[in-house]
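data01.csv, holding CSV, C-alpha atoms:
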```csv
chain,number,residue,atom,x,y,z
X,1,MET,CA,60.2,114.3,156.3
X,2,LYS,CA,56.4,114.7,155.6
X,3,GLU,CA,53.9,111.9,155.2
X,4,LEU,CA,53.7,111.0,151.5
X,5,ASP,CA,50.5,110.6,149.5
X,6,ARG,CA,51.5,107.0,148.6
X,7,ARG,CA,52.5,104.2,151.0
X,8,SER,CA,55.9,102.5,150.3
X,9,PRO,CA,55.3,99.6,147.9
X,10,THR,CA,56.9,96.4,149.2
X,11,ILE,CA,60.2,95.2,147.7
X,12,LEU,CA,59.3,91.6,148.5
X,13,ASN,CA,60.0,89.6,145.3
X,14,ALA,CA,60.7,92.8,143.4
X,15,ALA,CA,63.4,90.9,141.6
X,16,TRP,CA,60.7,89.7,139.3
X,17,ASP,CA,59.0,93.0,138.8
X,18,GLU,CA,58.8,94.6,135.3
X,19,LEU,CA,58.3,98.2,136.4
X,20,LEU,CA,58.9,99.8,139.8
X,21,PHE,CA,56.9,102.2,142.0
X,22,TRP,CA,53.2,102.3,142.2
X,23,ASP,CA,53.1,104.2,138.9
X,24,GLY,CA,55.8,102.1,137.1
X,25,ARG,CA,58.0,105.1,136.4
X,26,ALA,CA,61.3,103.2,136.9
X,27,GLU,CA,62.2,100.3,134.6
X,28,THR,CA,64.8,98.7,136.9
X,29,LEU,CA,65.6,98.3,140.6
X,30,GLU,CA,68.9,100.2,139.9
X,31,GLU,CA,66.9,103.1,138.4
X,32,GLN,CA,64.4,103.0,141.3
X,33,ALA,CA,67.1,102.8,144.1
X,34,LEU,CA,68.3,106.3,144.0
X,35,CYS,CA,64.9,108.0,143.4
X,36,PRO,CA,63.9,108.2,147.1
X,37,VAL,CA,67.3,109.6,148.0
X,38,SER,CA,66.9,112.7,145.8
X,39,ALA,CA,63.1,113.0,146.1
X,40,LYS,CA,62.3,116.3,147.9
X,41,ASP,CA,59.6,114.9,150.1
X,42,GLU,CA,61.7,111.9,151.0
X,43,MET,CA,65.5,112.0,151.7
X,44,ASN,CA,65.9,115.3,149.8
X,45,LEU,CA,69.6,114.6,149.2
X,46,SER,CA,71.3,115.5,146.0
X,47,ILE,CA,73.2,112.8,144.3
X,48,ARG,CA,76.3,115.0,144.5
X,49,GLU,CA,75.9,115.3,148.3
X,50,LEU,CA,75.2,111.5,148.5
X,51,LEU,CA,78.5,110.8,146.7
X,52,LYS,CA,80.3,113.3,149.0
X,53,ARG,CA,79.0,111.7,152.1
X,54,ILE,CA,79.8,108.1,151.0
X,55,SER,CA,83.3,109.2,149.8
X,56,ASN,CA,84.0,110.7,153.2
X,57,ILE,CA,83.5,107.3,154.9
X,58,PRO,CA,86.9,105.5,154.3
X,59,GLY,CA,85.5,102.1,155.0
X,60,TYR,CA,83.3,102.1,151.9
X,61,ALA,CA,86.0,102.6,149.3
X,62,PRO,CA,87.6,99.1,149.5
X,63,LEU,CA,84.1,97.5,149.7
X,64,PHE,CA,82.9,99.2,146.5
X,65,GLN,CA,86.3,98.4,144.8
X,66,ARG,CA,85.9,94.7,145.6
X,67,ALA,CA,82.2,94.5,144.6
X,68,TYR,CA,82.2,96.9,141.7
X,69,PRO,CA,85.7,97.4,140.4
X,70,SER,CA,86.0,100.3,137.9
X,71,VAL,CA,82.3,101.2,138.2
X,72,PRO,CA,81.5,104.9,139.0
X,73,ILE,CA,80.4,105.2,142.6
X,74,GLU,CA,76.9,106.5,141.7
X,75,ILE,CA,76.2,103.5,139.6
X,76,ALA,CA,77.8,101.2,142.2
X,77,ILE,CA,75.5,102.6,144.9
X,78,ALA,CA,72.4,101.9,142.8
X,79,ARG,CA,73.6,98.4,141.9
X,80,ALA,CA,74.4,97.6,145.5
X,81,ILE,CA,71.0,98.6,146.7
X,82,ALA,CA,69.2,96.8,143.9
X,83,THR,CA,71.3,93.7,144.5
X,84,PHE,CA,70.2,93.7,148.1
X,85,GLU,CA,66.6,94.3,147.2
X,86,ARG,CA,66.7,91.2,144.9
X,87,THR,CA,67.6,89.1,147.9
X,88,VAL,CA,64.3,90.0,149.7
X,89,ILE,CA,62.3,87.0,148.7
X,90,SER,CA,59.4,85.2,150.3
X,91,SER,CA,59.8,81.6,151.2
X,92,GLN,CA,57.4,78.7,151.5
X,93,ALA,CA,54.0,79.6,152.9
X,94,PRO,CA,51.3,77.1,154.2
X,95,PHE,CA,49.6,77.6,150.8
X,96,ASP,CA,52.7,76.3,149.0
X,97,LYS,CA,52.8,73.3,151.3
X,98,TRP,CA,49.2,72.6,150.4
X,99,VAL,CA,49.9,72.9,146.7
X,100,ALA,CA,52.8,70.5,147.2
X,101,GLY,CA,50.4,67.9,148.5
X,102,ASP,CA,50.0,68.5,152.3
X,103,GLU,CA,46.3,68.5,152.7
X,104,THR,CA,46.6,69.5,156.3
X,105,ALA,CA,48.6,72.7,155.6
X,106,ILE,CA,45.6,74.9,155.3
X,107,SER,CA,42.1,74.9,156.7
X,108,PRO,CA,38.9,73.9,154.7
X,109,ALA,CA,37.9,77.6,155.0
X,110,ALA,CA,41.2,78.7,153.3
X,111,LYS,CA,40.7,76.1,150.6
X,112,ASN,CA,37.2,77.5,149.9
X,113,GLY,CA,38.8,81.0,150.0
X,114,PHE,CA,41.2,79.8,147.2
X,115,ASP,CA,38.2,78.7,145.1
X,116,LEU,CA,36.6,82.1,145.7
X,117,PHE,CA,39.9,83.9,144.9
X,118,ASN,CA,40.0,82.2,141.5
X,119,GLY,CA,36.2,82.3,140.8
X,120,LYS,CA,33.4,84.4,142.3
X,121,ALA,CA,35.7,87.0,143.9
X,122,ARG,CA,37.8,87.5,140.7
X,123,CYS,CA,41.0,88.3,142.6
X,124,ALA,CA,43.1,86.1,140.2
X,125,GLN,CA,42.2,88.4,137.3
X,126,CYS,CA,45.0,90.6,138.5
X,127,HIS,CA,46.6,88.8,141.4
X,128,SER,CA,47.8,85.9,139.2
X,129,GLY,CA,50.7,83.5,139.1
X,130,TRP,CA,53.1,82.3,141.9
X,131,ASN,CA,53.7,85.8,143.2
X,132,PHE,CA,50.0,86.7,143.1
X,133,THR,CA,50.4,89.7,140.8
X,134,ASP,CA,50.2,90.2,137.1
X,135,ASN,CA,52.8,93.0,137.4
X,136,GLY,CA,50.2,95.1,135.8
X,137,PHE,CA,48.4,98.4,136.3
X,138,HIS,CA,44.7,98.8,137.1
X,139,ASP,CA,42.2,101.4,138.3
X,140,VAL,CA,40.4,99.6,141.0
X,141,GLY,CA,38.1,102.5,141.9
X,142,LEU,CA,39.8,104.1,144.9
X,143,ARG,CA,38.9,107.7,145.7
X,144,GLY,CA,41.5,110.4,145.2
X,145,GLN,CA,43.0,112.5,142.4
X,146,ASP,CA,46.3,110.7,142.1
X,147,ARG,CA,46.4,109.6,138.4
X,148,GLY,CA,49.0,106.9,139.1
X,149,ARG,CA,50.4,105.3,135.9
X,150,GLY,CA,48.3,107.8,133.9
X,151,ALA,CA,50.7,110.6,134.8
X,152,ASN,CA,53.4,108.7,132.8
X,153,LEU,CA,51.3,107.0,130.2
X,154,ALA,CA,48.4,109.1,128.8
X,155,LEU,CA,46.0,106.3,127.9
X,156,GLU,CA,42.5,106.2,129.3
X,157,SER,CA,43.0,102.7,130.9
X,158,MET,CA,46.0,104.0,132.8
X,159,GLN,CA,44.3,106.9,134.5
X,160,PHE,CA,44.1,106.3,138.3
X,161,ALA,CA,45.9,102.9,137.6
X,162,PHE,CA,48.4,101.5,140.1
X,163,LYS,CA,50.6,98.5,140.1
X,164,THR,CA,49.1,95.2,141.3
X,165,PRO,CA,51.0,94.4,144.5
X,166,THR,CA,52.1,90.8,145.4
X,167,LEU,CA,49.8,89.2,148.0
X,168,ARG,CA,52.7,87.2,149.4
X,169,ASN,CA,53.0,88.1,153.1
X,170,ALA,CA,50.2,90.6,152.6
X,171,ASP,CA,49.0,89.8,156.2
X,172,LEU,CA,52.1,91.6,157.4
X,173,ARG,CA,51.8,94.7,155.4
X,174,SER,CA,48.9,96.8,156.6
X,175,PRO,CA,47.8,99.4,155.5
X,176,TYR,CA,46.7,98.4,152.0
X,177,THR,CA,46.4,100.0,148.6
X,178,HIS,CA,48.7,102.7,147.2
X,179,ASP,CA,47.2,105.3,149.6
X,180,GLY,CA,47.0,103.2,152.6
X,181,SER,CA,43.3,103.8,152.9
X,182,GLU,CA,42.3,100.2,153.8
X,183,LEU,CA,43.6,99.2,157.2
X,184,THR,CA,42.8,95.5,157.3
X,185,LEU,CA,42.5,92.6,154.9
X,186,GLN,CA,38.8,92.5,155.8
X,187,SER,CA,38.3,96.1,154.7
X,188,VAL,CA,40.2,95.4,151.4
X,189,ILE,CA,37.9,92.5,150.7
X,190,ALA,CA,34.8,94.7,151.6
X,191,PHE,CA,36.1,97.3,149.2
X,192,TYR,CA,36.3,94.9,146.3
X,193,ASP,CA,33.0,93.3,147.3
X,194,ARG,CA,31.2,96.6,146.8
X,195,GLY,CA,33.0,97.1,143.4
X,196,GLY,CA,35.3,99.9,144.5
X,197,ASP,CA,34.2,103.4,145.5
X,198,VAL,CA,34.4,105.4,142.2
X,199,LYS,CA,33.0,104.6,138.8
X,200,ARG,CA,34.8,106.2,135.8
X,201,PRO,CA,35.9,105.3,132.3
X,202,SER,CA,39.3,104.0,133.5
X,203,LEU,CA,37.8,101.6,136.0
X,204,ASP,CA,39.1,98.1,135.4
X,205,PRO,CA,36.2,95.9,134.1
X,206,ALA,CA,37.1,93.2,136.6
X,207,ILE,CA,35.9,95.6,139.4
X,208,VAL,CA,32.2,94.9,139.9
X,209,PRO,CA,30.1,94.1,142.9
X,210,LEU,CA,30.8,90.6,144.0
X,211,HIS,CA,27.9,89.9,146.4
X,212,LEU,CA,30.1,87.8,148.7
X,213,THR,CA,28.5,86.4,151.9
X,214,PRO,CA,30.1,87.2,155.3
X,215,ARG,CA,31.3,83.6,155.4
X,216,GLU,CA,32.8,83.9,151.9
X,217,MET,CA,34.7,87.0,153.0
X,218,ASN,CA,36.0,85.2,156.0
X,219,ASP,CA,37.2,82.3,153.9
X,220,LEU,CA,38.9,84.7,151.5
X,221,GLU,CA,40.7,86.3,154.4
X,222,ALA,CA,41.7,82.8,155.7
X,223,PHE,CA,43.2,82.0,152.3
X,224,LEU,CA,45.1,85.3,152.1
X,225,LYS,CA,46.7,84.6,155.5
X,226,MET,CA,48.0,81.3,154.2
X,227,LEU,CA,50.3,83.2,151.8
X,228,THR,CA,52.4,84.4,154.7
X,229,SER,CA,55.8,82.6,155.0
X,230,ILE,CA,58.2,82.6,157.9
X,231,ASP,CA,61.2,84.2,156.3
X,232,LYS,CA,64.7,84.4,157.4
X,233,PRO,CA,65.2,87.8,159.1
X,234,VAL,CA,67.5,90.3,157.3
X,235,ASP,CA,70.8,90.6,159.1
X,236,ILE,CA,71.5,94.2,160.1
X,237,PRO,CA,74.8,95.1,158.5
X,238,VAL,CA,77.7,96.6,160.4
X,239,LEU,CA,78.1,99.9,158.5
X,240,PRO,CA,81.6,100.9,157.3
X,241,ARG,CA,83.2,103.8,159.2
H,1,MET,CA,35.0,84.5,88.7
H,2,LEU,CA,38.6,83.8,87.7
H,3,ARG,CA,38.0,85.6,84.4
H,4,ARG,CA,36.9,88.6,86.4
H,5,LEU,CA,39.8,88.6,88.8
H,6,LEU,CA,42.5,88.0,86.3
H,7,PRO,CA,42.6,91.5,84.8
H,8,ILE,CA,42.7,93.0,88.3
H,9,CYS,CA,45.6,90.8,89.3
H,10,LEU,CA,47.5,91.5,86.1
H,11,LEU,CA,46.9,95.2,86.6
H,12,ALA,CA,48.4,95.0,90.1
H,13,LEU,CA,51.4,93.1,88.8
H,14,ALA,CA,51.9,95.6,86.1
H,15,ALA,CA,52.0,98.4,88.6
H,16,GLY,CA,54.5,96.5,90.8
H,17,ALA,CA,52.2,96.8,93.8
H,18,ALA,CA,52.3,94.1,96.4
H,19,ALA,CA,48.9,93.6,98.1
H,20,PRO,CA,49.0,94.4,101.8
H,21,VAL,CA,49.1,91.3,103.9
H,22,ASP,CA,47.0,90.7,107.1
H,23,HIS,CA,48.9,89.2,110.0
H,24,GLU,CA,47.5,88.1,113.3
H,25,ILE,CA,49.0,88.4,116.8
H,26,VAL,CA,47.1,86.7,119.5
H,27,GLN,CA,47.1,87.7,123.2
H,28,ASN,CA,46.8,84.8,125.5
H,29,ASP,CA,47.9,84.0,129.1
H,30,ARG,CA,49.2,87.6,129.3
H,31,ALA,CA,51.6,87.2,126.4
H,32,PHE,CA,51.7,88.0,122.7
H,33,SER,CA,51.8,84.9,120.5
H,34,GLN,CA,55.2,86.2,119.1
H,35,ARG,CA,57.9,88.4,120.4
H,36,GLU,CA,58.9,89.8,117.0
H,37,ILE,CA,57.4,90.0,113.6
H,38,THR,CA,58.6,91.3,110.3
H,39,ILE,CA,56.1,92.8,107.9
H,40,LYS,CA,56.0,95.0,104.8
H,41,ILE,CA,54.9,98.7,104.7
H,42,GLY,CA,51.1,98.8,104.4
H,43,ASP,CA,50.6,95.4,106.0
H,44,ARG,CA,48.1,95.2,108.8
H,45,ILE,CA,48.3,93.3,112.1
H,46,THR,CA,45.1,92.1,113.8
H,47,PHE,CA,45.5,92.0,117.5
H,48,LYS,CA,43.1,89.3,118.9
H,49,ASN,CA,42.5,89.1,122.6
H,50,ALA,CA,42.1,85.3,123.2
H,51,ASP,CA,42.9,85.8,126.9
H,52,GLU,CA,40.6,85.7,129.9
H,53,VAL,CA,41.4,89.3,130.9
H,54,ALA,CA,41.3,92.7,129.2
H,55,HIS,CA,44.4,94.1,127.4
H,56,ASN,CA,45.3,97.6,126.1
H,57,VAL,CA,47.6,97.2,123.1
H,58,TYR,CA,49.5,100.4,122.2
H,59,SER,CA,52.7,101.7,120.8
H,60,ALA,CA,54.5,104.9,121.8
H,61,THR,CA,57.1,104.6,119.1
H,62,PRO,CA,57.5,108.1,117.6
H,63,GLY,CA,55.7,108.3,114.3
H,64,MET,CA,54.0,105.0,114.8
H,65,THR,CA,51.8,105.6,117.8
H,66,PHE,CA,48.5,103.9,118.2
H,67,ASP,CA,46.1,102.9,121.1
H,68,LEU,CA,43.6,100.1,120.7
H,69,ARG,CA,42.2,101.1,124.1
H,70,ARG,CA,40.9,98.4,126.4
H,71,GLN,CA,40.1,95.2,124.5
H,72,ALA,CA,37.7,92.8,126.2
H,73,PRO,CA,38.3,89.0,125.9
H,74,GLY,CA,37.3,87.9,122.4
H,75,GLU,CA,37.7,91.3,120.7
H,76,SER,CA,40.0,92.0,117.7
H,77,SER,CA,41.4,95.2,116.2
H,78,ALA,CA,43.5,95.7,113.1
H,79,VAL,CA,46.4,98.2,112.9
H,80,PRO,CA,48.0,99.2,109.6
H,81,PHE,CA,51.7,99.9,109.7
H,82,LEU,CA,52.5,102.6,107.1
H,83,LYS,CA,56.0,103.6,107.9
H,84,GLU,CA,59.4,101.8,107.5
H,85,GLY,CA,61.2,101.1,110.8
H,86,THR,CA,60.8,99.3,114.1
H,87,SER,CA,57.8,99.7,116.4
H,88,LEU,CA,57.6,98.5,120.0
H,89,VAL,CA,54.1,97.3,120.8
H,90,GLN,CA,53.1,96.8,124.4
H,91,CYS,CA,50.1,96.1,126.6
H,92,ALA,CA,49.7,99.1,128.9
H,93,ILE,CA,47.9,97.0,131.5
H,94,HIS,CA,50.5,94.2,131.5
H,95,PRO,CA,53.9,95.8,130.6
H,96,LYS,CA,55.7,92.4,130.3
H,97,MET,CA,53.8,91.9,127.1
H,98,LYS,CA,56.1,93.3,124.4
H,99,LEU,CA,56.1,92.8,120.6
H,100,ILE,CA,58.7,94.2,118.2
H,101,VAL,CA,57.4,94.9,114.8
H,102,HIS,CA,59.9,95.3,112.0
H,103,ILE,CA,58.4,97.2,109.0
H,104,THR,CA,60.4,96.8,105.8
H,105,LYS,CA,60.0,98.1,102.2
```
Could you render the structure as structure tokens?
Amino acid sequence: MKELDRRSPTILNAAWDELLFWDGRAETLEEQALCPVSAKDEMNLSIRELLKRISNIPGYAPLFQRAYPSVPIEIAIARAIATFERTVISSQAPFDKWVAGDETAISPAAKNGFDLFNGKARCAQCHSGWNFTDNGFHDVGLRGQDRGRGANLALESMQFAFKTPTLRNADLRSPYTHDGSELTLQSVIAFYDRGGDVKRPSLDPAIVPLHLTPREMNDLEAFLKMLTSIDKPVDIPVLPR
Amino acid sequence: MLRRLLPICLLALAAGAAAPVDHEIVQNDRAFSQREITIKIGDRITFKNADEVAHNVYSATPGMTFDLRRQAPGESSAVPFLKEGTSLVQCAIHPKMKLIVHITK
């Protein structure tokens, strides 16, 4: 398996996503689920071969029958993966406790960071709502020739546009951006502070130099870290034989 | 003024032509003001961006495609719908924004 041009987008809170993948080419988690299986640069496994392998494991048949009676196995596999993905949900973060009224849940620096997030730093223009994403597509001015959403939707605003990721648990998900070019939250903030790296017609108008002070950048980072929740670990399943 | 307009109105009635109607759909809080709208062939819809962020209203419905490009907050653009059928209008930037336009005779 070779290294891909794009980093894996998180599936955290994907249950609420409108379109899947960095370029939005899948409309449902069910449609998305089987794509990496057959992708040549990923698992490179034909669906026919996948079905053969699953069918050769006797333990799967009664499980699929119970969960998805009378559903063709290929559809059942996609539904099973998508159903699992919908259970990967962030829980309450310190930020949520603060919103609920606990003034001690986050630091004064993080509170100032939240003000910056919604104001001077313009983050909430795209990272909006409870999941800190507009589920939208934006060219934020990253270098590279990957046209992102523009490869599927030939509109000027969609060239070099990629899906806005959730910021929930972002502190745990380095590297950042679709190409993994930013290694830390600090470097992401610095990227946006300088107004991105490339100017072109598709660049989102929200991407402009922010002129943040070093202290403001630290406060923004402090706020972002308050979006990390302590989530229940995923139980590793015992695979059927 | 009424005397001047009357002959024109009578002429239109005599020809059986209904004047095109202008409708307005507002974009606010990353949503269209309506999810569906039914209009007549020849009517126009003005898409008004009353939001705090840019939008890109478009339709990829075959035979009814249009692209308003990026609309800054406060901007408006009108689109005539000249063909009978159903058009799916979306925002490219925010794909949850969808509007179904029924165009009737």
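Computed from the coordinates, the atom CA of Gly148 of chain X to atom CA of Lys163 of chain X distance equals 8.6 Å.
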Return as a Markdown table the residues of chain X lying at most 9 Å from chain H, together with the closest atom-to-atom pair for each and the distance in Å to one decimal, counting only C-alpha atoms, with rows in chain order and ascending residue number.
```
| residue | atom | partner | partner_atom | distance |
| --- | --- | --- | --- | --- |
| X:Glu18 | CA | H:Lys96 | CA | 6.3 |
| X:Leu19 | CA | H:Pro95 | CA | 7.7 |
| X:Gln125 | CA | H:Val53 | CA | 6.5 |
| X:Cys126 | CA | H:Val53 | CA | 8.5 |
| X:Asp134 | CA | H:His94 | CA | 6.9 |
| X:Asn135 | CA | H:His94 | CA | 6.4 |
| X:Gly136 | CA | H:His94 | CA | 4.4 |
| X:Phe137 | CA | H:Ile93 | CA | 5.0 |
| X:His138 | CA | H:Ile93 | CA | 6.7 |
| X:Leu153 | CA | H:Ala92 | CA | 8.2 |
| X:Leu155 | CA | H:Arg69 | CA | 7.5 |
| X:Glu156 | CA | H:Arg69 | CA | 7.3 |
| X:Ser157 | CA | H:Arg70 | CA | 6.6 |
| X:Met158 | CA | H:Ala92 | CA | 7.3 |
| X:Ala161 | CA | H:Ile93 | CA | 8.7 |
| X:Asp204 | CA | H:Ala54 | CA | 8.5 |
| X:Pro205 | CA | H:Ala54 | CA | 7.8 |
| X:Ala206 | CA | H:Val53 | CA | 8.1 |
```
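Atom CA of Val26 of chain H lies 22.3 Å from atom CA of Lys83 of chain H.
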Considering all atoms listed in the file, return as a PyMOL selection string whatever protein or nucleic-acid residues lie within 12 Å of Ile189 of chain X, sequence-local ones (same chain, fewer than 2 positions apart) excluded. chain X and resi 113+116-117+121-123+176-177+182-187+191-196+207+209-214+216-224
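Counting all atoms listed in the file, the residue from H:Ile39, H:Val57, H:Ile103, H:Ala31 that sits nearest to Ala78 of chain H is H:Val57.
Polymer residues near (50.9, 86.4, 116.4): counting only C-alpha atoms with a cut-off of 6 Å, they are Glu24, Ile25, Val26, Ser33 and Gln34 of chain H.
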Atom CA of Ile73 of chain X to atom CA of Thr28 of chain X measures 17.8 Å
In file coordinates, which residues lie within 7 Å of (59.0, 97.5, 114.3) using only C-alpha atoms, given as a list of chain:residue names? H:Gly85, H:Thr86, H:Ser87, H:Leu88, H:Ile100, H:Val101, H:His102, H:Ile103
If we count all atoms listed in the file, what is near segment 48-59 of chain X at a cut-off of 7 Å, once residues fewer than 5 positions away on the same chain are taken out, given as a list in words? Glu74, Pro240 and Arg241 of chain X
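Of the residues under consideration (X:Leu239, X:Met226, X:Ala151, X:Ile81), X:Met226 shows the shortest atom-to-atom contact distance to Ala110 of chain X when counting all atoms listed in the file.
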Selection: 7 Å around Lys105 of chain H, all atoms listed in the file, excl. self and same-chain fewer than 6 positions, as a PyMOL selection string: chain H and resi 40-41+84
Just the residues within 8 Å of Arg44 of chain H, please, counting all atoms listed in the file, with nothing from its chain fewer than 2 positions along; format it as a ChimeraX atom specification. /H:20-23,42,46,78-81
